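**Q** What follows is work07.txt; its format and atoms are compact mmCIF, C-alpha atoms.
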```txt
# COMPACT_ATOMS: atom_id res chain seq x y z
CA MET U 696 -19.47 -68.46 -8.71
CA ASN U 697 -19.93 -64.85 -8.76
CA SER U 698 -16.84 -63.00 -7.96
CA LEU U 699 -17.04 -59.52 -6.83
CA ARG U 700 -14.64 -57.71 -8.90
CA VAL U 701 -13.58 -54.44 -7.67
CA PRO U 702 -13.11 -52.20 -10.58
CA ALA U 703 -9.51 -51.33 -10.93
CA LEU U 704 -8.69 -47.79 -10.16
CA THR U 705 -7.98 -46.18 -13.42
CA ARG U 706 -6.38 -42.87 -13.81
CA SER U 707 -8.04 -40.54 -16.18
CA ARG U 708 -5.35 -39.72 -18.63
CA VAL U 709 -5.46 -36.19 -19.76
CA PRO U 710 -3.22 -35.64 -22.76
CA GLY U 711 -0.24 -33.53 -21.90
CA ARG U 712 -0.86 -33.66 -18.16
CA ARG U 713 2.43 -35.35 -17.38
CA HIS U 714 4.12 -32.81 -19.55
CA GLY U 715 2.47 -30.05 -17.58
CA VAL U 716 3.63 -31.45 -14.27
CA VAL U 717 7.21 -31.73 -15.53
CA LEU U 718 7.05 -28.21 -16.90
CA SER U 719 5.70 -26.85 -13.62
CA ALA U 720 8.47 -28.58 -11.69
CA VAL U 721 11.14 -27.21 -14.03
CA ALA U 722 9.60 -23.72 -13.89
CA ALA U 723 9.51 -23.84 -10.09
CA ALA U 724 13.15 -24.94 -9.99
CA LEU U 725 14.09 -22.12 -12.34
CA LEU U 726 12.24 -19.57 -10.25
CA LEU U 727 13.98 -20.77 -7.10
CA THR U 728 17.35 -20.62 -8.81
CA LEU U 729 16.72 -17.13 -10.14
CA ALA U 730 15.53 -16.02 -6.70
CA ALA U 731 18.77 -17.36 -5.23
CA CYS U 732 20.70 -15.44 -7.88
CA ALA U 733 18.83 -12.21 -7.11
CA HIS U 734 19.77 -12.70 -3.45
CA ASN U 735 23.36 -13.22 -4.54
CA SER U 736 23.29 -10.12 -6.76
CA PHE U 737 22.64 -7.89 -3.72
CA VAL U 738 26.00 -8.93 -2.27
CA VAL U 739 27.76 -8.80 -5.64
CA ASN U 740 26.46 -5.29 -6.35
CA ALA U 741 27.56 -4.12 -2.91
CA GLN U 742 31.01 -5.62 -3.53
CA ARG U 743 31.17 -3.83 -6.87
CA VAL U 744 30.46 -0.54 -5.13
CA LEU U 745 33.18 -1.33 -2.61
CA THR U 746 35.57 -2.04 -5.47
CA VAL U 747 34.78 1.04 -7.57
CA ALA U 748 34.12 3.67 -4.89
CA PRO U 749 37.75 4.04 -3.68
CA SER U 750 38.87 4.71 -7.27
CA ILE U 751 36.34 7.53 -7.54
CA TYR U 752 37.44 8.88 -4.18
CA ASP U 753 41.04 8.67 -5.38
CA GLY U 754 40.18 10.49 -8.62
CA GLY U 755 38.23 13.19 -6.80
CA ILE U 756 40.80 13.93 -4.11
CA THR U 757 43.66 13.79 -6.62
CA PHE U 758 41.74 16.31 -8.75
CA ALA U 759 41.35 18.58 -5.71
CA GLU U 760 45.06 18.28 -4.84
CA GLN U 761 46.15 19.07 -8.38
CA ASN U 762 43.76 22.00 -8.75
CA LYS U 763 44.03 23.40 -5.26
CA ALA U 764 45.13 26.82 -6.55
CA LYS U 765 42.13 27.13 -8.87
CA LEU U 766 39.44 25.90 -6.49
CA SER U 767 37.54 28.24 -4.21
CA PRO U 768 38.05 27.87 -0.45
CA GLU U 769 34.41 26.73 -0.11
CA THR U 770 34.93 23.96 -2.65
CA LEU U 771 38.15 22.90 -0.96
CA ILE U 772 36.33 22.70 2.38
CA VAL U 773 33.74 20.35 0.84
CA PHE U 774 36.50 18.23 -0.71
CA GLU U 775 38.30 18.15 2.62
CA ARG U 776 35.16 16.99 4.44
CA ILE U 777 34.71 14.21 1.87
CA ARG U 778 38.38 13.27 2.21
CA VAL U 779 37.88 12.80 5.95
CA GLN U 780 34.41 11.22 5.86
CA PHE U 781 34.88 8.70 3.07
CA PRO U 782 37.34 6.19 4.63
CA PRO U 783 35.26 5.52 7.79
CA ALA U 784 32.05 5.37 5.72
CA TYR U 785 33.71 2.85 3.41
CA ARG U 786 34.94 0.72 6.31
CA THR U 787 31.49 0.79 7.92
CA PHE U 788 29.90 -0.36 4.66
CA ASP U 789 32.50 -3.10 4.23
CA ALA U 790 32.02 -4.31 7.81
CA ALA U 791 28.21 -4.22 7.50
CA LEU U 792 28.39 -6.34 4.35
CA ALA U 793 30.74 -8.83 6.01
CA THR U 794 28.35 -9.10 8.99
CA TYR U 795 25.38 -9.53 6.65
CA ILE U 796 27.12 -12.39 4.81
CA ALA U 797 28.32 -14.04 8.04
CA SER U 798 24.83 -13.87 9.59
CA GLY U 799 23.23 -15.82 6.75
CA LYS U 800 22.09 -12.83 4.67
CA THR U 801 19.02 -12.15 6.73
CA ASP U 802 18.75 -8.44 7.42
CA PRO U 803 20.19 -6.06 4.80
CA ALA U 804 19.12 -2.87 6.63
CA ALA U 805 22.58 -2.03 8.00
CA VAL U 806 24.20 -2.70 4.62
CA ASN U 807 21.68 -0.47 2.86
CA ALA U 808 22.17 2.37 5.34
CA ALA U 809 25.97 2.15 5.09
CA ARG U 810 25.81 1.95 1.30
CA ARG U 811 23.61 5.06 1.11
CA GLU U 812 26.33 6.98 2.96
CA VAL U 813 29.04 5.81 0.54
CA ASP U 814 26.77 6.41 -2.48
CA SER U 815 26.08 9.93 -1.28
CA LEU U 816 29.78 10.75 -0.79
CA VAL U 817 30.64 9.29 -4.20
CA ALA U 818 27.85 11.30 -5.85
CA ASN U 819 29.15 14.46 -4.14
CA ILE U 820 32.68 13.80 -5.39
CA CYS U 821 31.44 13.27 -8.96
CA VAL U 822 29.36 16.46 -8.95
CA LEU U 823 32.11 18.55 -7.34
CA VAL U 824 34.72 17.39 -9.85
CA MET U 825 32.43 17.95 -12.83
CA LEU U 826 31.30 21.38 -11.61
CA ASN U 827 34.94 22.40 -11.42
CA GLY U 828 35.79 21.31 -14.94
CA GLY U 829 37.08 17.85 -14.09
CA PRO U 830 36.38 14.48 -15.71
CA ASP U 831 33.15 12.49 -15.33
CA LEU U 832 34.28 10.09 -12.61
CA GLY U 833 30.77 8.64 -12.32
CA ARG U 834 31.09 7.02 -15.72
CA ASP U 835 32.75 4.05 -14.04
CA TYR U 836 30.29 3.95 -11.19
CA LYS U 837 27.55 1.99 -12.91
CA VAL U 838 26.34 -0.11 -10.01
CA LYS U 839 22.88 0.96 -8.84
CA MET K 1424 26.25 -16.86 -11.23
CA ASP K 1425 27.95 -20.10 -10.42
CA PRO K 1426 28.81 -21.97 -13.66
CA ILE K 1427 27.03 -25.11 -12.42
CA ILE K 1428 23.87 -23.14 -11.66
CA ALA K 1429 24.17 -21.47 -15.07
CA LEU K 1430 24.42 -24.91 -16.66
CA LEU K 1431 21.37 -26.18 -14.76
CA VAL K 1432 19.30 -23.09 -15.55
CA GLY K 1433 20.46 -23.24 -19.17
CA GLN K 1434 19.41 -26.86 -19.44
CA GLY K 1435 16.10 -25.96 -17.79
CA ILE K 1436 15.49 -23.29 -20.42
CA ASN K 1437 16.42 -25.79 -23.12
CA LEU K 1438 13.99 -28.38 -21.70
CA ILE K 1439 11.15 -25.87 -21.45
CA VAL K 1440 11.66 -24.65 -25.01
CA LYS K 1441 11.80 -28.24 -26.24
CA ALA K 1442 8.66 -29.16 -24.32
CA VAL K 1443 6.71 -26.08 -25.37
CA THR K 1444 7.62 -26.53 -29.02
CA LYS K 1445 7.18 -30.32 -28.77
CA GLY K 1446 10.79 -30.94 -29.68
CA LYS K 1447 10.81 -28.80 -32.78
CA VAL K 1448 13.05 -26.16 -31.26
CA ALA K 1449 15.94 -26.63 -28.86
CA ILE K 1450 18.42 -24.17 -27.45
CA PRO K 1451 21.60 -26.15 -26.85
CA ASP K 1452 23.42 -22.84 -26.40
CA ALA K 1453 21.19 -21.70 -23.56
CA VAL K 1454 24.16 -21.60 -21.19
CA PRO K 1455 26.22 -18.98 -23.12
CA ILE K 1456 23.02 -16.98 -23.69
CA LEU K 1457 22.33 -17.11 -20.00
CA GLN K 1458 25.89 -16.15 -19.17
CA SER K 1459 25.64 -13.07 -21.41
CA LEU K 1460 22.38 -12.15 -19.70
CA ASN K 1461 24.09 -12.84 -16.43
CA ASP K 1462 26.85 -10.37 -17.24
CA ALA K 1463 24.33 -7.79 -18.43
CA LEU K 1464 22.40 -8.11 -15.19
CA GLY K 1465 25.52 -8.14 -13.08
CA LEU K 1466 24.79 -11.56 -11.65
CA VAL K 1467 28.30 -12.76 -11.05
CA ALA K 1468 29.93 -14.71 -8.28
CA GLU K 1469 30.68 -13.13 -4.92
CA GLU K 1470 34.30 -12.18 -4.27
CA THR K 1471 36.58 -14.71 -2.67
CA ASP K 1472 38.47 -14.14 0.59
CA ALA K 1473 41.64 -13.41 -1.39
CA GLU K 1474 39.82 -10.87 -3.59
CA ARG K 1475 38.32 -9.21 -0.51
CA THR K 1476 41.75 -8.93 1.12
CA GLU K 1477 43.19 -7.45 -2.07
CA ARG K 1478 40.31 -4.98 -2.43
CA ARG K 1479 40.68 -3.81 1.18
CA ALA K 1480 44.45 -3.41 0.78
CA LYS K 1481 43.95 -1.30 -2.36
CA ALA K 1482 41.35 0.87 -0.64
CA GLU K 1483 43.56 1.40 2.41
CA ALA K 1484 46.49 2.31 0.15
CA ILE K 1485 44.31 4.97 -1.50
CA PHE K 1486 43.19 6.30 1.88
CA ALA K 1487 46.81 6.46 3.07
CA ARG K 1488 47.81 8.36 -0.07
CA HIS K 1489 45.26 11.06 0.75
CA SER K 1490 46.05 11.48 4.42
CA THR K 1491 47.27 15.06 4.04
CA PRO K 1492 44.58 17.72 4.59
CA LEU K 1493 43.66 19.77 1.52
CA ILE K 1494 42.89 22.81 3.58
CA GLU K 1495 42.62 23.79 7.20
CA VAL K 1496 38.92 23.38 7.93
CA PRO K 1497 37.57 25.76 10.58
CA LYS K 1498 35.85 23.91 13.40
```
Could you spell out this file's structure in structure tokens?

**A**
Amino acid sequence: MNSLRVPALTRSRVPGRRHGVVLSAVAAALLLTLAACAHNSFVVNAQRVLTVAPSIYDGGITFAEQNKAKLSPETLIVFERIRVQFPPAYRTFDAALATYIASGKTDPAAVNAARREVDSLVANICVLVMLNGGPDLGRDYKVK
Amino acid sequence: MDPIIALLVGQGINLIVKAVTKGKVAIPDAVPILQSLNDALGLVAEETDAERTERRAKAEAIFARHSTPLIEVPK
């Protein structure tokens, strides 16, 4: 009796194919992990700025207080404006970051805008202090 | 980076290197290497609630210390 034999489905075995699939899966997992880390680094960098910035503010305003007699009135006015503007800018940045984290890290626009304000004030402090013969406060402000 | 993630990524790197070199080379120390890279790139864990509270308290203490005007600013 003739039996109709259906040819068994055979997989064409390409050498190293399985290896390739495993490698691709591992590479994809690595990429996803690194992407998650990059997302995390945005928050960590912002938190570093929030940690370091008050120290620079402290150094700058202390410098102005200690050298009040030597500084020109114009320079003192700029220092005074920074003294007043920095705390609310810092709190806004801190609150924006907290909101960003609480809302599932979706829209960083508010954090970026608030950070720019703090960055700008910190840069002004560093320049003012250096221009008036003070230390390089920005040395500790490495977060970009 | 979370230590567990570092371990997983480190093992992933180890597996890839082993696979690419067909087992001739392995990097069992991929985790410390990764952690050094991690530090260099600034990829560390987010601050905890306690750290955040401490940071805010320190900042507010600094702000309070500089509450006296440096000069009378004309309006």

**Q** Hey, can you check how far CA of Gln742 (chain U) sits from CA of Asp789 (chain U)?

**A**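 Separation of CA of Gln742 (chain U) and CA of Asp789 (chain U): 8.3 Å.
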
**Q** Restricting the calculation to all atoms listed in the file, which member of K:Glu1477, K:Ala1449, K:Ala1484, K:Gly1435 is positioned closest to chain U?

**A** K:Gly1435

**Q** With a cut-off of 6 Å and counting all atoms listed in the file, select all residues of chain U in contact with chain K and give the selection as an mmCIF file with C-alpha atoms, in the coordinates of the input.

**A**
```
data_model
loop_
_atom_site.group_PDB
_atom_site.id
_atom_site.type_symbol
_atom_site.label_atom_id
_atom_site.label_comp_id
_atom_site.auth_asym_id
_atom_site.auth_seq_id
_atom_site.Cartn_x
_atom_site.Cartn_y
_atom_site.Cartn_z
ATOM 1 C CA SER U 736 23.290 -10.120 -6.760
ATOM 2 C CA VAL U 739 27.760 -8.800 -5.640
ATOM 3 C CA PRO U 749 37.750 4.040 -3.680
ATOM 4 C CA GLU U 775 38.300 18.150 2.620
#
```

**Q** Could you check how far CA of Ile796 (chain U) sits from CA of Arg778 (chain U), in Å to one decimal?

**A** 28.1 Å

**Q** Region 781-786 of chain U: which residues within 8 Å, counting all atoms listed in the file, same-chain residues fewer than 2 positions away excluded, as a list in words?

**A**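 Near region 781-786 of chain U, the qualifying residues are Leu745, Tyr752, Ile777, Arg778, Val779, Phe788, Asp789, Ala790, Ala809, Glu812, Val813 and Leu816 of chain U; Phe1486 of chain K.
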
**Q** What separation in Å, quoted to one decimal, exists between CA of Pro830 (chain U) and CA of Arg743 (chain U)?

**A**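 That distance, rounded to one decimal, is 21.0 Å.
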
**Q** Find the residues around Phe758 (chain U) up to 8 Å (all atoms listed in the file counted), leave out those fewer than 4 positions away in its own chain, and share them as a ChimeraX atom specification.

**A** /U:754,762,824,829

**Q** With only C-alpha atoms as the basis for distance, which of U:Ala793, U:Leu826, U:Leu832, U:Ala804 is at the shortest distance from Val747 (chain U)?

**A** U:Leu832

**Q** Pick the closest to Tyr795 (chain U) from U:Asp753, U:Asn807, U:Gln761, U:Gly833: which is it, counting only C-alpha atoms?

**A**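 Nearest candidate to Tyr795 (chain U) out of U:Asp753, U:Asn807, U:Gln761, U:Gly833: U:Asn807.
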
**Q** Could you pull the residues within 9 Å of Asn827 (chain U), counting only C-alpha atoms, minus those fewer than 6 positions along the same chain, as a PyMOL selection string?

**A** chain U and resi 765-766+770

**Q** Save the residues we just selected, C-alpha atoms, as a CSV table (one decimal), keeping the file's coordinate frame?

**A**
```csv
chain,number,residue,atom,x,y,z
U,765,LYS,CA,42.1,27.1,-8.9
U,766,LEU,CA,39.4,25.9,-6.5
U,770,THR,CA,34.9,24.0,-2.6
```
